[in-house]
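Heads up, input_29.txt below (compact mmCIF, C-alpha atoms and all ligand atoms):
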```
# COMPACT_ATOMS: atom_id res chain seq x y z
CA MET A 1 12.43 -22.18 -5.18
CA GLN A 2 12.48 -25.27 -2.98
CA ASP A 3 15.06 -27.32 -1.12
CA ASN A 4 14.17 -30.72 -2.61
CA ASN A 5 15.44 -32.62 0.43
CA LYS A 6 13.13 -30.99 2.89
CA ASN A 7 10.53 -29.44 0.66
CA GLU A 8 11.21 -26.15 2.41
CA ILE A 9 10.60 -23.10 0.28
CA LEU A 10 13.98 -21.32 0.35
CA ILE A 11 12.97 -18.33 -1.71
CA THR A 12 9.35 -17.54 -2.46
CA ASP A 13 8.41 -16.48 -5.99
CA GLU A 14 7.64 -13.06 -4.51
CA ASP A 15 11.14 -12.76 -3.02
CA ALA A 16 12.71 -13.90 -6.30
CA LEU A 17 10.80 -11.14 -8.08
CA LYS A 18 11.98 -8.58 -5.53
CA TYR A 19 15.64 -9.57 -5.98
CA GLU A 20 15.19 -9.37 -9.75
CA ALA A 21 13.63 -5.89 -9.43
CA ALA A 22 16.42 -4.71 -7.10
CA MET A 23 19.09 -6.02 -9.48
CA ARG A 24 17.53 -4.20 -12.44
CA TYR A 25 17.12 -0.98 -10.46
CA MET A 26 20.79 -1.09 -9.45
CA LEU A 27 21.82 -1.82 -13.04
CA ALA A 28 20.00 1.35 -14.13
CA LYS A 29 21.85 3.29 -11.42
CA LEU A 30 25.24 2.01 -12.53
CA ASP A 31 24.38 2.83 -16.10
CA LEU A 32 23.50 6.41 -15.14
CA ILE A 33 26.65 6.78 -13.07
CA ASN A 34 28.68 5.50 -16.00
CA THR A 35 27.10 8.07 -18.32
CA GLY A 36 27.87 10.91 -15.90
CA LEU A 37 31.41 9.77 -15.13
CA SER A 38 32.24 9.13 -18.77
CA ASP A 39 31.09 12.65 -19.60
CA GLU A 40 33.16 14.13 -16.75
CA LEU A 41 36.28 12.13 -17.68
CA GLY A 42 35.96 12.62 -21.43
CA ARG A 43 36.38 8.88 -21.94
CA LYS A 44 34.40 5.75 -21.17
CA ALA A 45 34.54 4.85 -17.47
CA ALA A 46 33.01 1.35 -17.52
CA SER A 47 33.30 -1.00 -20.46
CA ASN A 48 30.64 -3.38 -19.21
CA ILE A 49 27.83 -3.41 -16.66
CA SER A 50 25.99 -6.60 -15.86
CA GLY A 51 23.85 -8.23 -13.22
CA ARG A 52 22.38 -11.53 -12.17
CA VAL A 53 20.20 -13.10 -9.53
CA LYS A 54 21.96 -16.03 -7.91
CA SER A 55 20.46 -19.41 -8.78
CA ILE A 56 19.08 -21.57 -5.98
CA GLU A 57 21.78 -24.20 -6.66
CA SER A 58 24.49 -21.58 -6.29
CA ILE A 59 22.88 -20.28 -3.08
CA LYS A 60 22.76 -23.80 -1.63
CA ASN A 61 26.38 -24.48 -2.61
CA LYS A 62 27.48 -21.25 -0.99
CA LEU A 63 25.69 -22.15 2.27
CA ARG A 64 27.42 -25.55 2.15
CA ARG A 65 30.82 -23.89 1.61
CA LYS A 66 30.12 -21.72 4.62
CA ASN A 67 29.01 -24.75 6.66
CA ARG A 68 25.59 -23.26 7.20
CA LYS A 69 22.30 -25.13 7.22
CA ILE A 70 20.23 -24.80 4.09
CA THR A 71 17.23 -22.97 5.47
CA GLY A 72 15.13 -20.10 4.18
CA LYS A 73 16.32 -17.95 7.10
CA ASN A 74 19.99 -18.57 6.30
CA VAL A 75 19.40 -17.82 2.63
CA HIS A 76 18.33 -14.28 3.53
CA ASP A 77 20.58 -13.76 6.56
CA VAL A 78 23.86 -15.20 5.22
CA ILE A 79 23.82 -14.74 1.45
CA LYS A 80 24.27 -11.05 0.70
CA ASP A 81 24.74 -11.36 -3.04
CA ILE A 82 21.50 -12.97 -4.18
CA ALA A 83 21.09 -9.81 -6.26
CA GLY A 84 24.45 -8.82 -7.70
CA VAL A 85 25.66 -6.24 -10.20
CA ARG A 86 29.09 -5.62 -11.63
CA ALA A 87 30.75 -2.68 -13.35
CA VAL A 88 33.96 -3.44 -15.21
CA CYS A 89 36.07 -0.32 -15.66
CA PHE A 90 39.18 0.61 -17.59
CA PHE A 91 41.30 2.01 -14.77
CA VAL A 92 41.64 1.27 -11.05
CA ASP A 93 40.84 4.85 -9.97
CA ASP A 94 37.56 4.70 -11.95
CA LEU A 95 36.34 2.05 -9.50
CA TYR A 96 36.73 4.42 -6.57
CA LYS A 97 34.96 7.15 -8.56
CA PHE A 98 32.04 4.77 -9.04
CA HIS A 99 32.06 4.08 -5.32
CA GLU A 100 32.02 7.81 -4.53
CA GLN A 101 29.13 8.45 -6.94
CA LEU A 102 27.09 5.70 -5.29
CA THR A 103 27.32 7.49 -1.94
CA TYR A 104 25.34 10.42 -3.43
CA HIS A 105 22.25 8.24 -3.97
CA SER A 106 19.87 8.55 -1.03
CA ASP A 107 18.14 5.26 -1.85
CA ILE A 108 21.41 3.35 -1.48
CA THR A 109 23.04 2.68 1.88
CA ILE A 110 26.48 1.16 1.70
CA LEU A 111 26.51 -1.35 4.55
CA LYS A 112 29.96 -2.84 4.00
CA VAL A 113 32.98 -2.13 1.81
CA LYS A 114 35.22 -5.10 1.00
CA ASP A 115 38.29 -3.68 -0.69
CA TYR A 116 40.00 -6.67 -2.24
CA ILE A 117 42.22 -4.30 -4.23
CA LYS A 118 43.98 -2.74 -1.25
CA LYS A 119 43.87 -6.14 0.42
CA PRO A 120 43.65 -8.90 -2.23
CA LYS A 121 42.30 -12.31 -1.27
CA LYS A 122 44.79 -15.14 -0.72
CA SER A 123 43.86 -16.47 -4.16
CA GLY A 124 45.01 -13.19 -5.74
CA TYR A 125 41.41 -12.10 -6.37
CA ARG A 126 40.98 -8.35 -6.66
CA SER A 127 37.78 -6.29 -6.85
CA LEU A 128 35.98 -3.67 -4.81
CA HIS A 129 32.80 -5.10 -3.29
CA LEU A 130 30.05 -2.95 -1.83
CA ILE A 131 27.26 -4.59 0.09
CA CYS A 132 24.35 -2.17 -0.17
CA ARG A 133 20.82 -1.76 1.02
CA LEU A 134 18.53 -0.52 -1.67
CA ASP A 135 15.25 1.19 -0.76
CA MET A 136 12.98 1.32 -3.75
CA PRO A 137 9.27 1.48 -4.49
CA PHE A 138 7.97 -1.73 -5.99
CA ALA A 139 4.43 -3.02 -6.49
CA GLY A 140 2.93 -0.30 -4.33
CA GLN A 141 5.25 -0.70 -1.37
CA MET A 142 8.80 0.13 -0.31
CA LEU A 143 11.27 -2.65 -0.91
CA HIS A 144 14.44 -2.96 1.17
CA THR A 145 16.83 -5.36 -0.47
CA THR A 146 20.52 -6.19 -0.13
CA VAL A 147 22.50 -5.98 -3.34
CA GLU A 148 26.20 -6.67 -3.86
CA ILE A 149 28.05 -4.36 -6.23
CA GLN A 150 31.34 -5.64 -7.63
CA LEU A 151 33.64 -3.04 -9.17
CA ARG A 152 36.69 -4.28 -11.03
CA THR A 153 38.97 -3.42 -13.92
CA ASN A 154 39.03 -5.32 -17.21
CA ALA A 155 42.28 -6.89 -16.07
CA MET A 156 40.83 -8.03 -12.72
CA ASP A 157 37.77 -9.34 -14.54
CA TYR A 158 39.90 -11.28 -17.02
CA TRP A 159 41.73 -12.96 -14.16
CA ALA A 160 38.55 -13.68 -12.13
CA GLU A 161 36.77 -15.22 -15.11
CA LEU A 162 39.72 -17.52 -15.86
CA ASP A 163 40.04 -18.36 -12.17
CA ASN A 164 36.33 -19.30 -12.21
CA GLN A 165 36.98 -21.75 -15.02
CA LEU A 166 40.21 -23.17 -13.70
CA ARG A 167 40.08 -23.23 -9.92
CA TYR A 168 37.46 -21.27 -7.97
CA LYS A 169 35.01 -23.51 -6.10
CA LYS A 170 36.85 -26.63 -7.31
CA GLU A 171 38.49 -28.72 -4.64
CA ASN A 172 40.83 -31.01 -6.54
CA GLU A 173 44.34 -32.40 -6.18
CA SER A 174 46.03 -29.85 -8.37
CA SER A 175 44.38 -26.84 -6.75
CA THR A 176 47.37 -25.85 -4.54
CA GLN A 177 49.86 -25.86 -7.42
CA ILE A 178 47.48 -24.17 -9.80
CA GLY A 179 46.47 -21.75 -7.05
CA LYS A 180 50.06 -20.56 -6.64
CA LYS A 181 50.42 -19.94 -10.37
CA LEU A 182 47.12 -18.11 -10.53
CA LYS A 183 48.09 -15.94 -7.57
CA SER A 184 51.34 -14.92 -9.25
CA TYR A 185 49.51 -14.12 -12.51
CA ALA A 186 47.02 -12.00 -10.53
CA ASP A 187 49.94 -10.02 -9.11
CA GLU A 188 51.44 -9.55 -12.60
CA ILE A 189 48.10 -8.40 -13.97
CA SER A 190 47.73 -5.96 -11.11
CA SER A 191 51.13 -4.46 -11.79
CA ILE A 192 50.10 -3.91 -15.46
CA ASP A 193 46.90 -2.19 -14.23
CA LYS A 194 49.08 0.23 -12.21
CA LYS A 195 51.41 0.84 -15.13
CA MET A 196 48.48 1.58 -17.45
CA MET A 197 47.14 4.16 -15.00
CA LYS A 198 50.57 5.84 -14.80
CA LEU A 199 50.79 5.86 -18.59
CA ARG A 200 47.33 7.43 -18.85
CA ASN A 201 48.38 10.16 -16.41
CA ARG A 202 51.57 10.80 -18.39
CA ILE A 203 49.64 11.03 -21.66
CA SER A 204 47.12 13.44 -20.14
CA GLN A 205 49.97 15.81 -19.21
CA LEU A 206 51.37 15.97 -22.77
P1 LIG A 301 29.56 -16.20 -7.75
O1 LIG A 301 29.13 -17.45 -8.44
O2 LIG A 301 30.51 -15.37 -8.58
O3 LIG A 301 28.42 -15.40 -7.22
P2 LIG A 301 31.78 -13.15 3.31
O4 LIG A 301 33.05 -13.90 3.12
O5 LIG A 301 30.73 -13.89 4.08
O6 LIG A 301 31.98 -11.73 3.77
P3 LIG A 301 31.15 -13.85 0.57
O7 LIG A 301 30.06 -13.36 -0.35
O8 LIG A 301 31.15 -15.29 0.87
O9 LIG A 301 31.10 -12.97 1.87
O10 LIG A 301 32.57 -13.64 0.03
P4 LIG A 301 33.48 -12.72 -0.80
O11 LIG A 301 34.79 -13.32 -0.56
O12 LIG A 301 33.32 -11.29 -0.49
O13 LIG A 301 33.15 -13.08 -2.30
C1 LIG A 301 31.98 -12.81 -2.96
C2 LIG A 301 32.17 -13.02 -4.45
O14 LIG A 301 33.45 -12.54 -4.90
C3 LIG A 301 32.14 -14.45 -4.91
O15 LIG A 301 30.81 -14.85 -5.02
C4 LIG A 301 32.86 -14.35 -6.27
O16 LIG A 301 32.02 -13.76 -7.24
C5 LIG A 301 33.95 -13.35 -5.95
N1 LIG A 301 35.19 -14.01 -5.47
C6 LIG A 301 35.67 -14.02 -4.22
N2 LIG A 301 36.84 -14.67 -4.14
C7 LIG A 301 37.12 -15.08 -5.40
C8 LIG A 301 38.23 -15.80 -5.97
O17 LIG A 301 39.20 -16.22 -5.31
N3 LIG A 301 38.17 -16.03 -7.31
C9 LIG A 301 37.12 -15.61 -8.09
N4 LIG A 301 37.16 -15.89 -9.40
N5 LIG A 301 36.07 -14.92 -7.57
C10 LIG A 301 36.07 -14.67 -6.25
P5 LIG A 301 30.42 -16.37 -5.03
O18 LIG A 301 29.05 -16.48 -4.49
O19 LIG A 301 31.46 -17.20 -4.36
O20 LIG A 301 30.43 -16.73 -6.54
```

Rewritten as structure tokens:
Amino acid sequence: MQDNNKNEILITDEDALKYEAAMRYMLAKLDLINTGLSDELGRKAASNISGRVKSIESIKNKLRRKNRKITGKNVHDVIKDIAGVRAVCFFVDDLYKFHEQLTYHSDITILKVKDYIKKPKKSGYRSLHLICRLDMPFAGQMLHTTVEIQLRTNAMDYWAELDNQLRYKKENESSTQIGKKLKSYADEISSIDKKMMKLRNRISQL
């Protein structure tokens, strides 16, 4: 993957393959954790698990948003979510159970926890982000790759997906007005998430 302006290789094909491998490995982990948790809880924990490797355009845009030079070094040093996976769960406490389960895996080191549920972003965005180092064997050698895990509820995901379509990364005239509305809807959605968890607890005591 090249930066067309300077002809600098930003990500080699080999690196791209490594990120792809790390993403798939982490997906398999989340899938296993989901199976175990669902069995323990007697209900499905995650409704959807997905992953992606960030496109070069998206990487370049993110470096621009962060006012960083588009260089191969910055791609690896600054962008921590080139490989990203996401588990979308039914209830807020399931997310923290996922987090706990991940700590039992010796090939995963959680480098940073960004809890945008306890402390939502100004936009209203909520999710639990874990920046992890994954140590895995690949092509006859050990691979050490950073992977971002996003854990969110269906409700948080619904909001984030709509926010992506309507506002996120768009700098236009109406963004302040729309931003305020979206923030208040995020708060409403979050209060429903809490109510649903309370209801589940009440039902389980019947
Ligand atoms: P994409 O296309 O989804 O991958 P840093 O601030 O340096 O610690 P980073 O990665 O810049 O780290 O920021 P942050 O805030 O932890 O956000 C990482 C990702 O969270 C974003 O990745 C989005 O996926 C999601 N996100 C964060 N804030 C919002 C928001 O307000 N609305 C929505 N819809 N999603 C958000 P990317 O690379 O920006 O996007």

Can you write out as a tab-separated table which residues of chain A fall within 7 Å of ligand LIG 301 (chain A), alongside each residue's closest atom pair and its distance in Å to one decimal, counting all atoms listed in the file and ordering rows by chain and ascending residue number?
```
residue	atom	partner	partner_atom	distance
A:Lys54	CA	A:LIG301	O3	6.5
A:Ser58	CA	A:LIG301	O1	6.6
A:Lys62	CA	A:LIG301	O18	6.1
A:Ile79	CA	A:LIG301	O7	6.6
A:Lys80	CA	A:LIG301	O7	6.3
A:Asp81	CA	A:LIG301	O7	6.3
A:Lys114	CA	A:LIG301	O12	6.6
A:Lys121	CA	A:LIG301	O17	6.4
A:Ser123	CA	A:LIG301	O17	4.8
A:Gly124	CA	A:LIG301	O17	6.6
A:Tyr125	CA	A:LIG301	O17	4.8
A:His129	CA	A:LIG301	O12	6.8
A:Ala160	CA	A:LIG301	N4	3.8
A:Glu161	CA	A:LIG301	N4	5.8
A:Asp163	CA	A:LIG301	N4	4.7
A:Asn164	CA	A:LIG301	N4	4.5
A:Tyr168	CA	A:LIG301	N3	5.3
```

(message) So, with all atoms listed in the file as the atoms that count, which of A:Leu162, A:Ile149, A:Ala46, A:Ile56 lies closest to Met26 (chain A)?
(response) A:Ile149

Close residues, region 180-192 of chain A itself excluded, 10 Å, all atoms listed in the file, min 4 positions apart in chain, as a CSV table (one decimal) with C-alpha atoms, keeping the file's coordinate frame:
```
chain,number,residue,atom,x,y,z
A,92,VAL,CA,41.6,1.3,-11.0
A,117,ILE,CA,42.2,-4.3,-4.2
A,120,PRO,CA,43.6,-8.9,-2.2
A,121,LYS,CA,42.3,-12.3,-1.3
A,122,LYS,CA,44.8,-15.1,-0.7
A,123,SER,CA,43.9,-16.5,-4.2
A,124,GLY,CA,45.0,-13.2,-5.7
A,125,TYR,CA,41.4,-12.1,-6.4
A,126,ARG,CA,41.0,-8.4,-6.7
A,153,THR,CA,39.0,-3.4,-13.9
A,155,ALA,CA,42.3,-6.9,-16.1
A,156,MET,CA,40.8,-8.0,-12.7
A,158,TYR,CA,39.9,-11.3,-17.0
A,159,TRP,CA,41.7,-13.0,-14.2
A,160,ALA,CA,38.6,-13.7,-12.1
A,162,LEU,CA,39.7,-17.5,-15.9
A,163,ASP,CA,40.0,-18.4,-12.2
A,166,LEU,CA,40.2,-23.2,-13.7
A,167,ARG,CA,40.1,-23.2,-9.9
A,175,SER,CA,44.4,-26.8,-6.8
A,176,THR,CA,47.4,-25.8,-4.5
A,196,MET,CA,48.5,1.6,-17.4
A,197,MET,CA,47.1,4.2,-15.0
A,198,LYS,CA,50.6,5.8,-14.8
```

(request) Could you jot down the CA of Gln150 (chain A) to CA of Arg86 (chain A) separation for me, Å, one decimal place? (result) 4.6 Å

(request) Go through A:Ile110, A:Leu30, A:Ile11, A:Ile49 one by one, measure the shortest atom-to-atom distance of each to Asp135 (chain A) using only C-alpha atoms, and give the residue with the smallest value. (result) A:Ile110

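CA of Lys195 (chain A) sits 26.8 Å away from CA of Gln165 (chain A).
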
(request) Give the answer as one residue: which of A:Lys29, A:Lys112, A:Arg152, A:Lys69 has the shortest atom-to-atom distance to Ile131 (chain A), using all atoms listed in the file? (result) A:Lys112

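Here the question is which of A:Arg133, A:Met23, A:Thr109, A:Asp115 gets nearest to Arg52 (chain A) using all atoms listed in the file, and that residue is A:Met23.
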
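Using all atoms listed in the file for every distance, the candidate list A:Ile108, A:Ile203, A:Leu128, A:Leu32 yields A:Ile108 as the residue closest to His144 (chain A).
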
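Reported to one decimal place, the separation of CA of Gly140 (chain A) from CA of Tyr25 (chain A) is 15.5 Å.
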
Which residues, written as a short mmCIF file (atom, residue, chain, number, x, y, z; two decimals) with C-alpha atoms, in the frame of the given file, have at least one atom at most 12 Å from Leu10 (chain A), with all atoms listed in the file counted and residues fewer than 6 positions away on the same chain left out?
```
data_model
loop_
_atom_site.label_atom_id
_atom_site.label_comp_id
_atom_site.auth_asym_id
_atom_site.auth_seq_id
_atom_site.Cartn_x
_atom_site.Cartn_y
_atom_site.Cartn_z
CA MET A 1 12.43 -22.18 -5.18
CA GLN A 2 12.48 -25.27 -2.98
CA ASP A 3 15.06 -27.32 -1.12
CA ASN A 4 14.17 -30.72 -2.61
CA ALA A 16 12.71 -13.90 -6.30
CA SER A 55 20.46 -19.41 -8.78
CA ILE A 56 19.08 -21.57 -5.98
CA GLU A 57 21.78 -24.20 -6.66
CA ILE A 59 22.88 -20.28 -3.08
CA LYS A 60 22.76 -23.80 -1.63
CA LEU A 63 25.69 -22.15 2.27
CA LYS A 69 22.30 -25.13 7.22
CA ILE A 70 20.23 -24.80 4.09
CA THR A 71 17.23 -22.97 5.47
CA GLY A 72 15.13 -20.10 4.18
CA LYS A 73 16.32 -17.95 7.10
CA ASN A 74 19.99 -18.57 6.30
CA VAL A 75 19.40 -17.82 2.63
CA HIS A 76 18.33 -14.28 3.53
CA ASP A 77 20.58 -13.76 6.56
CA ILE A 79 23.82 -14.74 1.45
#
```

(request) Could you give me, as a PyMOL selection string, the residues within 12 Å of Leu17 (chain A), counting all atoms listed in the file and dropping anything in the same chain fewer than 4 positions from it? (result) chain A and resi 1+11-13+21-24+53+82-83+138-139+143+145

Centre and edge lengths, as AutoDock Vina command-line options, for the axis-aligned box enclosing every listed atom of region 143-147 of chain A with 8 Å of padding on each of the six sides, in Å to one decimal?
```
--center_x 16.9 --center_y -4.4 --center_z -1.1 --size_x 27.2 --size_y 19.5 --size_z 20.5
```

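Between Arg43 (chain A) and the candidates A:Ile9, A:Cys89, A:Ala28, A:Leu111, the tightest atom-to-atom separation, counting all atoms listed in the file, involves A:Cys89.
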